[in-house]
Structure formats: structure tokens, C-alpha cells
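So this block is final_15.json, JSON, N, CA and C atoms:
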[["chain", "number", "residue", "atom", "x", "y", "z"],
["A", 1, "ILE", "N", -33.60, 24.19, 18.97],
["A", 1, "ILE", "CA", -34.96, 24.70, 18.91],
["A", 1, "ILE", "C", -34.96, 25.97, 18.05],
["A", 2, "THR", "N", -35.95, 26.06, 17.22],
["A", 2, "THR", "CA", -36.03, 27.23, 16.33],
["A", 2, "THR", "C", -36.58, 28.44, 17.10],
["A", 3, "ALA", "N", -36.47, 29.60, 16.50],
["A", 3, "ALA", "CA", -37.02, 30.82, 17.12],
["A", 3, "ALA", "C", -38.54, 30.69, 17.30],
["A", 4, "ALA", "N", -39.21, 30.14, 16.29],
["A", 4, "ALA", "CA", -40.66, 29.94, 16.39],
["A", 4, "ALA", "C", -40.98, 28.93, 17.50],
["A", 5, "GLY", "N", -40.18, 27.89, 17.59],
["A", 5, "GLY", "CA", -40.38, 26.89, 18.64],
["A", 5, "GLY", "C", -40.16, 27.47, 20.02],
["A", 6, "ARG", "N", -39.14, 28.30, 20.16],
["A", 6, "ARG", "CA", -38.85, 28.96, 21.45],
["A", 6, "ARG", "C", -40.03, 29.87, 21.84],
["A", 7, "LYS", "N", -40.58, 30.58, 20.85],
["A", 7, "LYS", "CA", -41.73, 31.46, 21.10],
["A", 7, "LYS", "C", -42.94, 30.64, 21.58],
["A", 8, "GLU", "N", -43.22, 29.54, 20.92],
["A", 8, "GLU", "CA", -44.33, 28.66, 21.31],
["A", 8, "GLU", "C", -44.11, 28.09, 22.71],
["A", 9, "LEU", "N", -42.87, 27.69, 23.00],
["A", 9, "LEU", "CA", -42.55, 27.16, 24.33],
["A", 9, "LEU", "C", -42.83, 28.21, 25.40],
["A", 10, "ARG", "N", -42.38, 29.42, 25.19],
["A", 10, "ARG", "CA", -42.61, 30.49, 26.17],
["A", 10, "ARG", "C", -44.10, 30.78, 26.35],
["A", 11, "THR", "N", -44.83, 30.77, 25.25],
["A", 11, "THR", "CA", -46.28, 30.97, 25.33],
["A", 11, "THR", "C", -46.92, 29.88, 26.18],
["A", 12, "TRP", "N", -46.56, 28.65, 25.89],
["A", 12, "TRP", "CA", -47.11, 27.51, 26.63],
["A", 12, "TRP", "C", -46.71, 27.56, 28.10],
["A", 13, "LEU", "N", -45.47, 27.91, 28.39],
["A", 13, "LEU", "CA", -45.01, 27.97, 29.78],
["A", 13, "LEU", "C", -45.75, 29.03, 30.58],
["A", 14, "ARG", "N", -46.19, 30.08, 29.93],
["A", 14, "ARG", "CA", -46.89, 31.16, 30.64],
["A", 14, "ARG", "C", -48.37, 30.84, 30.91],
["A", 15, "GLU", "N", -48.89, 29.85, 30.25],
["A", 15, "GLU", "CA", -50.28, 29.45, 30.48],
["A", 15, "GLU", "C", -50.37, 28.67, 31.78],
["A", 16, "PRO", "N", -51.44, 28.88, 32.55],
["A", 16, "PRO", "CA", -51.57, 28.10, 33.80],
["A", 16, "PRO", "C", -51.77, 26.62, 33.48],
["A", 17, "PRO", "N", -51.25, 25.75, 34.33],
["A", 17, "PRO", "CA", -51.47, 24.31, 34.11],
["A", 17, "PRO", "C", -52.97, 24.00, 34.15],
["A", 18, "THR", "N", -53.39, 23.12, 33.27],
["A", 18, "THR", "CA", -54.80, 22.73, 33.22],
["A", 18, "THR", "C", -55.01, 21.24, 33.43],
["A", 19, "THR", "N", -53.97, 20.47, 33.39],
["A", 19, "THR", "CA", -54.09, 19.02, 33.55],
["A", 19, "THR", "C", -53.37, 18.60, 34.82],
["A", 20, "PHE", "N", -54.14, 18.05, 35.74],
["A", 20, "PHE", "CA", -53.58, 17.50, 36.97],
["A", 20, "PHE", "C", -54.08, 16.07, 37.05],
["A", 21, "GLU", "N", -53.22, 15.13, 36.77],
["A", 21, "GLU", "CA", -53.67, 13.76, 36.59],
["A", 21, "GLU", "C", -52.68, 12.79, 37.21],
["A", 22, "THR", "N", -53.21, 11.84, 37.94],
["A", 22, "THR", "CA", -52.39, 10.75, 38.46],
["A", 22, "THR", "C", -53.08, 9.46, 38.07],
["A", 23, "ARG", "N", -52.34, 8.59, 37.44],
["A", 23, "ARG", "CA", -52.88, 7.28, 37.08],
["A", 23, "ARG", "C", -52.05, 6.24, 37.81],
["A", 24, "ASP", "N", -52.71, 5.43, 38.59],
["A", 24, "ASP", "CA", -52.01, 4.43, 39.38],
["A", 24, "ASP", "C", -52.88, 3.17, 39.41],
["A", 25, "GLU", "N", -52.44, 2.16, 38.70],
["A", 25, "GLU", "CA", -53.21, 0.92, 38.62],
["A", 25, "GLU", "C", -53.41, 0.30, 39.99],
["A", 26, "GLY", "N", -52.41, 0.46, 40.86],
["A", 26, "GLY", "CA", -52.53, -0.08, 42.21],
["A", 26, "GLY", "C", -53.69, 0.55, 42.97],
["A", 27, "LEU", "N", -53.86, 1.87, 42.84],
["A", 27, "LEU", "CA", -54.98, 2.54, 43.51],
["A", 27, "LEU", "C", -56.31, 2.07, 42.94],
["A", 28, "LEU", "N", -56.37, 1.87, 41.64],
["A", 28, "LEU", "CA", -57.59, 1.36, 41.02],
["A", 28, "LEU", "C", -57.92, -0.03, 41.55],
["A", 29, "LYS", "N", -56.91, -0.89, 41.63],
["A", 29, "LYS", "CA", -57.13, -2.24, 42.16],
["A", 29, "LYS", "C", -57.55, -2.18, 43.63],
["A", 30, "LEU", "N", -56.96, -1.28, 44.38],
["A", 30, "LEU", "CA", -57.31, -1.13, 45.78],
["A", 30, "LEU", "C", -58.77, -0.65, 45.92],
["A", 31, "PHE", "N", -59.19, 0.24, 45.04],
["A", 31, "PHE", "CA", -60.56, 0.75, 45.06],
["A", 31, "PHE", "C", -61.57, -0.39, 44.95],
["A", 32, "PHE", "N", -61.26, -1.38, 44.13],
["A", 32, "PHE", "CA", -62.17, -2.50, 43.91],
["A", 32, "PHE", "C", -61.78, -3.75, 44.71],
["A", 33, "ALA", "N", -60.94, -3.62, 45.69],
["A", 33, "ALA", "CA", -60.39, -4.76, 46.42],
["A", 33, "ALA", "C", -61.42, -5.54, 47.23],
["A", 34, "ASP", "N", -62.60, -4.98, 47.44],
["A", 34, "ASP", "CA", -63.63, -5.72, 48.17],
["A", 34, "ASP", "C", -64.04, -7.00, 47.45],
["A", 35, "ALA", "N", -63.72, -7.11, 46.18],
["A", 35, "ALA", "CA", -64.08, -8.31, 45.40],
["A", 35, "ALA", "C", -63.20, -9.51, 45.75],
["A", 36, "LEU", "N", -62.14, -9.27, 46.50],
["A", 36, "LEU", "CA", -61.18, -10.34, 46.83],
["A", 36, "LEU", "C", -60.96, -10.39, 48.34],
["A", 37, "PRO", "N", -60.31, -11.43, 48.83],
["A", 37, "PRO", "CA", -59.95, -11.48, 50.25],
["A", 37, "PRO", "C", -59.03, -10.31, 50.62],
["A", 38, "GLN", "N", -59.09, -9.90, 51.86],
["A", 38, "GLN", "CA", -58.33, -8.74, 52.33],
["A", 38, "GLN", "C", -56.83, -8.90, 52.10],
["A", 39, "GLN", "N", -56.32, -10.09, 52.18],
["A", 39, "GLN", "CA", -54.88, -10.32, 51.98],
["A", 39, "GLN", "C", -54.43, -9.86, 50.59],
["A", 40, "ASP", "N", -55.31, -9.95, 49.62],
["A", 40, "ASP", "CA", -54.96, -9.46, 48.27],
["A", 40, "ASP", "C", -54.73, -7.96, 48.28],
["A", 41, "ALA", "N", -55.52, -7.22, 49.05],
["A", 41, "ALA", "CA", -55.32, -5.78, 49.17],
["A", 41, "ALA", "C", -54.00, -5.48, 49.87],
["A", 42, "VAL", "N", -53.69, -6.27, 50.88],
["A", 42, "VAL", "CA", -52.41, -6.11, 51.57],
["A", 42, "VAL", "C", -51.26, -6.34, 50.60],
["A", 43, "ASN", "N", -51.38, -7.35, 49.77],
["A", 43, "ASN", "CA", -50.34, -7.64, 48.78],
["A", 43, "ASN", "C", -50.22, -6.51, 47.75],
["A", 44, "THR", "N", -51.36, -5.95, 47.34],
["A", 44, "THR", "CA", -51.33, -4.83, 46.40],
["A", 44, "THR", "C", -50.59, -3.65, 47.03],
["A", 45, "LEU", "N", -50.90, -3.34, 48.28],
["A", 45, "LEU", "CA", -50.22, -2.24, 48.97],
["A", 45, "LEU", "C", -48.73, -2.51, 49.11],
["A", 46, "ARG", "N", -48.36, -3.75, 49.39],
["A", 46, "ARG", "CA", -46.95, -4.10, 49.52],
["A", 46, "ARG", "C", -46.22, -3.87, 48.19],
["A", 47, "THR", "N", -46.83, -4.30, 47.09],
["A", 47, "THR", "CA", -46.24, -4.12, 45.77],
["A", 47, "THR", "C", -46.13, -2.63, 45.43],
["A", 48, "MET", "N", -47.17, -1.87, 45.73],
["A", 48, "MET", "CA", -47.15, -0.43, 45.47],
["A", 48, "MET", "C", -46.03, 0.24, 46.27],
["A", 49, "ARG", "N", -45.90, -0.15, 47.54],
["A", 49, "ARG", "CA", -44.86, 0.44, 48.40],
["A", 49, "ARG", "C", -43.47, 0.16, 47.83],
["A", 50, "GLU", "N", -43.24, -1.08, 47.45],
["A", 50, "GLU", "CA", -41.94, -1.44, 46.88],
["A", 50, "GLU", "C", -41.65, -0.63, 45.62],
["A", 51, "HIS", "N", -42.66, -0.47, 44.79],
["A", 51, "HIS", "CA", -42.49, 0.31, 43.55],
["A", 51, "HIS", "C", -42.09, 1.75, 43.88],
["A", 52, "HIS", "N", -42.78, 2.36, 44.81],
["A", 52, "HIS", "CA", -42.49, 3.76, 45.14],
["A", 52, "HIS", "C", -41.13, 3.90, 45.82],
["A", 53, "LEU", "N", -40.75, 2.93, 46.63],
["A", 53, "LEU", "CA", -39.41, 2.98, 47.23],
["A", 53, "LEU", "C", -38.33, 2.84, 46.15],
["A", 54, "ASP", "N", -38.55, 1.96, 45.19],
["A", 54, "ASP", "CA", -37.60, 1.80, 44.08],
["A", 54, "ASP", "C", -37.50, 3.09, 43.27],
["A", 55, "THR", "N", -38.65, 3.70, 43.02],
["A", 55, "THR", "CA", -38.65, 4.96, 42.27],
["A", 55, "THR", "C", -37.88, 6.04, 43.01],
["A", 56, "ALA", "N", -38.12, 6.17, 44.31],
["A", 56, "ALA", "CA", -37.40, 7.17, 45.11],
["A", 56, "ALA", "C", -35.90, 6.91, 45.07],
["A", 57, "GLU", "N", -35.51, 5.67, 45.13],
["A", 57, "GLU", "CA", -34.07, 5.34, 45.09],
["A", 57, "GLU", "C", -33.46, 5.70, 43.74],
["A", 58, "ARG", "N", -34.16, 5.38, 42.67],
["A", 58, "ARG", "CA", -33.64, 5.73, 41.34],
["A", 58, "ARG", "C", -33.51, 7.24, 41.20],
["A", 59, "LEU", "N", -34.48, 7.98, 41.71],
["A", 59, "LEU", "CA", -34.42, 9.43, 41.63],
["A", 59, "LEU", "C", -33.28, 9.99, 42.50],
["A", 60, "ARG", "N", -33.06, 9.38, 43.66],
["A", 60, "ARG", "CA", -31.95, 9.82, 44.52],
["A", 60, "ARG", "C", -30.60, 9.62, 43.83],
["A", 61, "GLN", "N", -30.50, 8.61, 43.00],
["A", 61, "GLN", "CA", -29.25, 8.39, 42.28],
["A", 61, "GLN", "C", -28.98, 9.50, 41.26],
["A", 62, "ILE", "N", -30.03, 10.15, 40.78],
["A", 62, "ILE", "CA", -29.89, 11.25, 39.84],
["A", 62, "ILE", "C", -29.57, 12.56, 40.56],
["A", 63, "GLU", "N", -29.93, 12.64, 41.81],
["A", 63, "GLU", "CA", -29.87, 13.89, 42.56],
["A", 63, "GLU", "C", -28.50, 14.57, 42.54],
["A", 64, "PRO", "N", -27.37, 13.86, 42.70],
["A", 64, "PRO", "CA", -26.09, 14.56, 42.68],
["A", 64, "PRO", "C", -25.85, 15.35, 41.38],
["A", 65, "LYS", "N", -26.19, 14.76, 40.25],
["A", 65, "LYS", "CA", -26.03, 15.48, 38.98],
["A", 65, "LYS", "C", -26.98, 16.67, 38.92],
["A", 66, "ALA", "N", -28.20, 16.47, 39.40],
["A", 66, "ALA", "CA", -29.18, 17.57, 39.38],
["A", 66, "ALA", "C", -28.74, 18.69, 40.32],
["A", 67, "MET", "N", -28.14, 18.34, 41.44],
["A", 67, "MET", "CA", -27.67, 19.36, 42.37],
["A", 67, "MET", "C", -26.58, 20.21, 41.72],
["A", 68, "ALA", "N", -25.73, 19.57, 40.96],
["A", 68, "ALA", "CA", -24.66, 20.31, 40.28],
["A", 68, "ALA", "C", -25.25, 21.29, 39.27],
["A", 69, "ALA", "N", -26.33, 20.90, 38.62],
["A", 69, "ALA", "CA", -26.97, 21.77, 37.63],
["A", 69, "ALA", "C", -27.86, 22.80, 38.31],
["A", 70, "GLY", "N", -28.52, 22.40, 39.40],
["A", 70, "GLY", "CA", -29.39, 23.30, 40.14],
["A", 70, "GLY", "C", -30.64, 23.68, 39.37],
["A", 71, "GLY", "N", -31.30, 24.71, 39.83],
["A", 71, "GLY", "CA", -32.47, 25.25, 39.14],
["A", 71, "GLY", "C", -33.73, 24.43, 39.29],
["A", 72, "TYR", "N", -34.64, 24.66, 38.37],
["A", 72, "TYR", "CA", -35.97, 24.05, 38.43],
["A", 72, "TYR", "C", -35.96, 22.54, 38.24],
["A", 73, "PRO", "N", -35.10, 21.98, 37.39],
["A", 73, "PRO", "CA", -35.08, 20.51, 37.30],
["A", 73, "PRO", "C", -34.79, 19.85, 38.65],
["A", 74, "LEU", "N", -33.91, 20.46, 39.45],
["A", 74, "LEU", "CA", -33.63, 19.91, 40.79],
["A", 74, "LEU", "C", -34.88, 19.99, 41.65],
["A", 75, "MET", "N", -35.60, 21.09, 41.56],
["A", 75, "MET", "CA", -36.83, 21.25, 42.33],
["A", 75, "MET", "C", -37.84, 20.15, 41.97],
["A", 76, "VAL", "N", -37.99, 19.91, 40.68],
["A", 76, "VAL", "CA", -38.94, 18.89, 40.22],
["A", 76, "VAL", "C", -38.48, 17.50, 40.66],
["A", 77, "LEU", "N", -37.19, 17.24, 40.56],
["A", 77, "LEU", "CA", -36.65, 15.95, 41.00],
["A", 77, "LEU", "C", -36.93, 15.73, 42.48],
["A", 78, "ARG", "N", -36.69, 16.73, 43.29],
["A", 78, "ARG", "CA", -36.95, 16.60, 44.73],
["A", 78, "ARG", "C", -38.43, 16.39, 45.00],
["A", 79, "GLY", "N", -39.29, 17.03, 44.21],
["A", 79, "GLY", "CA", -40.72, 16.78, 44.34],
["A", 79, "GLY", "C", -41.05, 15.33, 44.05],
["A", 80, "GLY", "N", -40.41, 14.76, 43.03],
["A", 80, "GLY", "CA", -40.63, 13.35, 42.70],
["A", 80, "GLY", "C", -40.15, 12.43, 43.80],
["A", 81, "ILE", "N", -39.01, 12.75, 44.39],
["A", 81, "ILE", "CA", -38.49, 11.95, 45.50],
["A", 81, "ILE", "C", -39.44, 12.00, 46.68],
["A", 82, "GLU", "N", -39.85, 13.20, 47.05],
["A", 82, "GLU", "CA", -40.74, 13.36, 48.21],
["A", 82, "GLU", "C", -42.09, 12.70, 47.97],
["A", 83, "TYR", "N", -42.63, 12.83, 46.76],
["A", 83, "TYR", "CA", -43.90, 12.19, 46.45],
["A", 83, "TYR", "C", -43.77, 10.67, 46.56],
["A", 84, "SER", "N", -42.71, 10.13, 46.00],
["A", 84, "SER", "CA", -42.51, 8.68, 46.04],
["A", 84, "SER", "C", -42.37, 8.19, 47.47],
["A", 85, "GLU", "N", -41.63, 8.92, 48.28],
["A", 85, "GLU", "CA", -41.46, 8.54, 49.69],
["A", 85, "GLU", "C", -42.79, 8.65, 50.44],
["A", 86, "TRP", "N", -43.53, 9.73, 50.19],
["A", 86, "TRP", "CA", -44.83, 9.88, 50.84],
["A", 86, "TRP", "C", -45.75, 8.73, 50.48],
["A", 87, "HIS", "N", -45.80, 8.41, 49.17],
["A", 87, "HIS", "CA", -46.71, 7.35, 48.73],
["A", 87, "HIS", "C", -46.30, 6.00, 49.32],
["A", 88, "ALA", "N", -45.02, 5.73, 49.41],
["A", 88, "ALA", "CA", -44.55, 4.49, 50.03],
["A", 88, "ALA", "C", -44.97, 4.45, 51.50],
["A", 89, "ASP", "N", -44.83, 5.56, 52.20],
["A", 89, "ASP", "CA", -45.24, 5.62, 53.61],
["A", 89, "ASP", "C", -46.75, 5.42, 53.74],
["A", 90, "TRP", "N", -47.51, 6.03, 52.85],
["A", 90, "TRP", "CA", -48.97, 5.86, 52.87],
["A", 90, "TRP", "C", -49.35, 4.40, 52.68],
["A", 91, "CYS", "N", -48.70, 3.74, 51.73],
["A", 91, "CYS", "CA", -48.97, 2.32, 51.49],
["A", 91, "CYS", "C", -48.70, 1.50, 52.75],
["A", 92, "GLU", "N", -47.60, 1.80, 53.43],
["A", 92, "GLU", "CA", -47.27, 1.08, 54.66],
["A", 92, "GLU", "C", -48.32, 1.33, 55.74],
["A", 93, "ARG", "N", -48.77, 2.58, 55.88],
["A", 93, "ARG", "CA", -49.80, 2.88, 56.88],
["A", 93, "ARG", "C", -51.11, 2.15, 56.57],
["A", 94, "MET", "N", -51.49, 2.13, 55.30],
["A", 94, "MET", "CA", -52.73, 1.46, 54.92],
["A", 94, "MET", "C", -52.61, -0.06, 55.11],
["A", 95, "GLN", "N", -51.45, -0.58, 54.84],
["A", 95, "GLN", "CA", -51.20, -2.01, 55.03],
["A", 95, "GLN", "C", -51.35, -2.36, 56.51],
["A", 96, "ARG", "N", -50.74, -1.54, 57.38],
["A", 96, "ARG", "CA", -50.86, -1.78, 58.83],
["A", 96, "ARG", "C", -52.32, -1.67, 59.27],
["A", 97, "GLN", "N", -53.05, -0.71, 58.70],
["A", 97, "GLN", "CA", -54.47, -0.54, 59.04],
["A", 97, "GLN", "C", -55.26, -1.79, 58.68],
["A", 98, "LEU", "N", -55.05, -2.30, 57.48],
["A", 98, "LEU", "CA", -55.77, -3.51, 57.05],
["A", 98, "LEU", "C", -55.43, -4.70, 57.94],
["A", 99, "LEU", "N", -54.17, -4.85, 58.29],
["A", 99, "LEU", "CA", -53.77, -5.97, 59.13],
["A", 99, "LEU", "C", -54.36, -5.82, 60.53],
["A", 100, "ALA", "N", -54.42, -4.61, 61.06],
["A", 100, "ALA", "CA", -55.02, -4.38, 62.37],
["A", 100, "ALA", "C", -56.51, -4.69, 62.34],
["A", 101, "GLU", "N", -57.18, -4.28, 61.27],
["A", 101, "GLU", "CA", -58.61, -4.58, 61.12],
["A", 101, "GLU", "C", -58.85, -6.08, 61.06],
["A", 102, "ALA", "N", -58.00, -6.78, 60.34],
["A", 102, "ALA", "CA", -58.13, -8.23, 60.23],
["A", 102, "ALA", "C", -57.92, -8.89, 61.59],
["A", 103, "GLU", "N", -56.98, -8.36, 62.35],
["A", 103, "GLU", "CA", -56.71, -8.89, 63.69],
["A", 103, "GLU", "C", -57.89, -8.67, 64.62],
["A", 104, "GLU", "N", -58.51, -7.50, 64.51],
["A", 104, "GLU", "CA", -59.70, -7.20, 65.35],
["A", 104, "GLU", "C", -60.85, -8.12, 64.99],
["A", 105, "GLU", "N", -61.04, -8.36, 63.70],
["A", 105, "GLU", "CA", -62.13, -9.25, 63.25],
["A", 105, "GLU", "C", -61.92, -10.68, 63.72],
["A", 106, "ALA", "N", -60.65, -11.09, 63.80],
["A", 106, "ALA", "CA", -60.34, -12.45, 64.21],
["A", 106, "ALA", "C", -60.53, -12.63, 65.71],
["A", 107, "SER", "N", -60.50, -11.54, 66.46],
["A", 107, "SER", "CA", -60.63, -11.64, 67.94],
["A", 107, "SER", "C", -62.04, -11.85, 68.37]]
Take the structure I supplied and represent it as C-alpha cells, if you would.
Amino acid sequence: ITAAGRKELRTWLREPPTTFETRDEGLLKLFFADALPQQDAVNTLRTMREHHLDTAERLRQIEPKAMAAGGYPLMVLRGGIEYSEWHADWCERMQRQLLAEAEEEAS
């Protein structure tokens, strides 16, 4: 990195974050899931959960190297692991909720 590049990087790093964005096709599909039978929403949640569990596992495989290096990259990695685990748990809770609702409707 050049001296000018390092200066620009430091300037950018000191600016407060302005973009907070999450894009998740599964959430978009879930938002519009009323257009399909409820089982399709359950399947979407199952797929989303599996994806987030896979992501958490891949990130955990990186963790030993990140621990050796320490610092902010480790902090960000752990944030990614925790977010992925949280999202997987959320998907499971929503899936159970949908199945319970379907069971109540069937009774």
C-alpha cells in the first residue's frame, strides 16, 4: 500500500459507518411466503438454517488461525460465528412455530 493509500485508508476508517445492510434471499422469500402452502415456508427456513450452520462451521475452522493472530480480525470472525449461530437458531424457532400453528389448525 502506498503512503497516499494508507492516508486514505486511515481517513476512511475514522469516518462513522453509514451502510448497515443485510441481504438474505431466504428472508425475502419468507416475507412473501403467504403465496404458497405453509410447508414451503418451513422448507425455506430449513434451508436457511442449514446454510447458516454451514457458514458457522466454516468460520469455526478459521478460528484457530485467527486466534493465533488475534486482534480485530478475530473479533469480526467471532461476530460472524455468533451471527450465523443466532440466525440458525432463529430459523429453527420459526420453523417450530409454523409447525405448531399448522398442528393447531389441523385440530
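Ranking A:Glu57, A:Glu104, A:Glu50, A:Asp40 by their shortest atom-to-atom distance to Ala88 of chain A, with only N, CA and C atoms included, puts A:Glu50 first.
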>> I need the residue nearest Arg96 of chain A from this list: A:Gln61, A:Glu8, A:Ala33, A:Val42. Use all atoms listed in the file for the distance.
In response: A:Val42
> Rounded to one decimal in Å, what is the spacing between atom N of Asp34 of chain A and atom N of His51 of chain A?
Replying inline: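 These atoms are spaced 20.6 Å apart.
Atom to atom, atom CA of Leu28 of chain A and atom C of Leu74 of chain A stand 29.4 Å apart.
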> Any idea what the distance is between atom C of Ile81 of chain A and atom CA of Ala56 of chain A?
Replying inline: 5.5 Å
> Where in chain A does DSSP assign alpha helix (DSSP H), given as number ranges by chain?
Replying inline: A: 3-14, 25-31, 38-69, 71-106
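Comparing the minimum interatomic distances between His52 of chain A and each of A:Ile1, A:Leu98, A:Cys91, A:Leu77, counting only C-alpha atoms, we find that A:Cys91 sits nearest.
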Just add N, CA, C and O atoms to segment 5-20 of chain A and send it as a PDB file, in the frame of the given file.
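Once everything was written out, this is result-v2.pdb:
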ATOM      1  N   GLY A   5     -40.180  27.890  17.590  1.00  0.00           N
ATOM      2  CA  GLY A   5     -40.380  26.890  18.640  1.00  0.00           C
ATOM      3  C   GLY A   5     -40.160  27.470  20.020  1.00  0.00           C
ATOM      4  O   GLY A   5     -40.915  27.183  20.957  1.00  0.00           O
ATOM      5  N   ARG A   6     -39.140  28.300  20.160  1.00  0.00           N
ATOM      6  CA  ARG A   6     -38.850  28.960  21.450  1.00  0.00           C
ATOM      7  C   ARG A   6     -40.030  29.870  21.840  1.00  0.00           C
ATOM      8  O   ARG A   6     -40.446  29.908  22.993  1.00  0.00           O
ATOM      9  N   LYS A   7     -40.580  30.580  20.850  1.00  0.00           N
ATOM     10  CA  LYS A   7     -41.730  31.460  21.100  1.00  0.00           C
ATOM     11  C   LYS A   7     -42.940  30.640  21.580  1.00  0.00           C
ATOM     12  O   LYS A   7     -43.610  31.018  22.548  1.00  0.00           O
ATOM     13  N   GLU A   8     -43.220  29.540  20.920  1.00  0.00           N
ATOM     14  CA  GLU A   8     -44.330  28.660  21.310  1.00  0.00           C
ATOM     15  C   GLU A   8     -44.110  28.090  22.710  1.00  0.00           C
ATOM     16  O   GLU A   8     -45.045  28.003  23.504  1.00  0.00           O
ATOM     17  N   LEU A   9     -42.870  27.690  23.000  1.00  0.00           N
ATOM     18  CA  LEU A   9     -42.550  27.160  24.330  1.00  0.00           C
ATOM     19  C   LEU A   9     -42.830  28.210  25.400  1.00  0.00           C
ATOM     20  O   LEU A   9     -43.473  27.920  26.415  1.00  0.00           O
ATOM     21  N   ARG A  10     -42.380  29.420  25.190  1.00  0.00           N
ATOM     22  CA  ARG A  10     -42.610  30.490  26.170  1.00  0.00           C
ATOM     23  C   ARG A  10     -44.100  30.780  26.350  1.00  0.00           C
ATOM     24  O   ARG A  10     -44.573  31.004  27.462  1.00  0.00           O
ATOM     25  N   THR A  11     -44.830  30.770  25.250  1.00  0.00           N
ATOM     26  CA  THR A  11     -46.280  30.970  25.330  1.00  0.00           C
ATOM     27  C   THR A  11     -46.920  29.880  26.180  1.00  0.00           C
ATOM     28  O   THR A  11     -47.711  30.140  27.085  1.00  0.00           O
ATOM     29  N   TRP A  12     -46.560  28.650  25.890  1.00  0.00           N
ATOM     30  CA  TRP A  12     -47.110  27.510  26.630  1.00  0.00           C
ATOM     31  C   TRP A  12     -46.710  27.560  28.100  1.00  0.00           C
ATOM     32  O   TRP A  12     -47.543  27.310  28.986  1.00  0.00           O
ATOM     33  N   LEU A  13     -45.470  27.910  28.390  1.00  0.00           N
ATOM     34  CA  LEU A  13     -45.010  27.970  29.780  1.00  0.00           C
ATOM     35  C   LEU A  13     -45.750  29.030  30.580  1.00  0.00           C
ATOM     36  O   LEU A  13     -45.911  28.886  31.803  1.00  0.00           O
ATOM     37  N   ARG A  14     -46.190  30.080  29.930  1.00  0.00           N
ATOM     38  CA  ARG A  14     -46.890  31.160  30.640  1.00  0.00           C
ATOM     39  C   ARG A  14     -48.370  30.840  30.910  1.00  0.00           C
ATOM     40  O   ARG A  14     -49.007  31.498  31.727  1.00  0.00           O
ATOM     41  N   GLU A  15     -48.890  29.850  30.250  1.00  0.00           N
ATOM     42  CA  GLU A  15     -50.280  29.450  30.480  1.00  0.00           C
ATOM     43  C   GLU A  15     -50.370  28.670  31.780  1.00  0.00           C
ATOM     44  O   GLU A  15     -49.471  27.888  32.098  1.00  0.00           O
ATOM     45  N   PRO A  16     -51.440  28.880  32.550  1.00  0.00           N
ATOM     46  CA  PRO A  16     -51.570  28.100  33.800  1.00  0.00           C
ATOM     47  C   PRO A  16     -51.770  26.620  33.480  1.00  0.00           C
ATOM     48  O   PRO A  16     -52.377  26.277  32.460  1.00  0.00           O
ATOM     49  N   PRO A  17     -51.250  25.750  34.330  1.00  0.00           N
ATOM     50  CA  PRO A  17     -51.470  24.310  34.110  1.00  0.00           C
ATOM     51  C   PRO A  17     -52.970  24.000  34.150  1.00  0.00           C
ATOM     52  O   PRO A  17     -53.710  24.564  34.943  1.00  0.00           O
ATOM     53  N   THR A  18     -53.390  23.120  33.270  1.00  0.00           N
ATOM     54  CA  THR A  18     -54.800  22.730  33.220  1.00  0.00           C
ATOM     55  C   THR A  18     -55.010  21.240  33.430  1.00  0.00           C
ATOM     56  O   THR A  18     -56.140  20.802  33.625  1.00  0.00           O
ATOM     57  N   THR A  19     -53.970  20.470  33.390  1.00  0.00           N
ATOM     58  CA  THR A  19     -54.090  19.020  33.550  1.00  0.00           C
ATOM     59  C   THR A  19     -53.370  18.600  34.820  1.00  0.00           C
ATOM     60  O   THR A  19     -52.166  18.803  34.960  1.00  0.00           O
ATOM     61  N   PHE A  20     -54.140  18.050  35.740  1.00  0.00           N
ATOM     62  CA  PHE A  20     -53.580  17.500  36.970  1.00  0.00           C
ATOM     63  C   PHE A  20     -54.080  16.070  37.050  1.00  0.00           C
ATOM     64  O   PHE A  20     -55.250  15.836  37.352  1.00  0.00           O
TER      65      PHE A  20
END
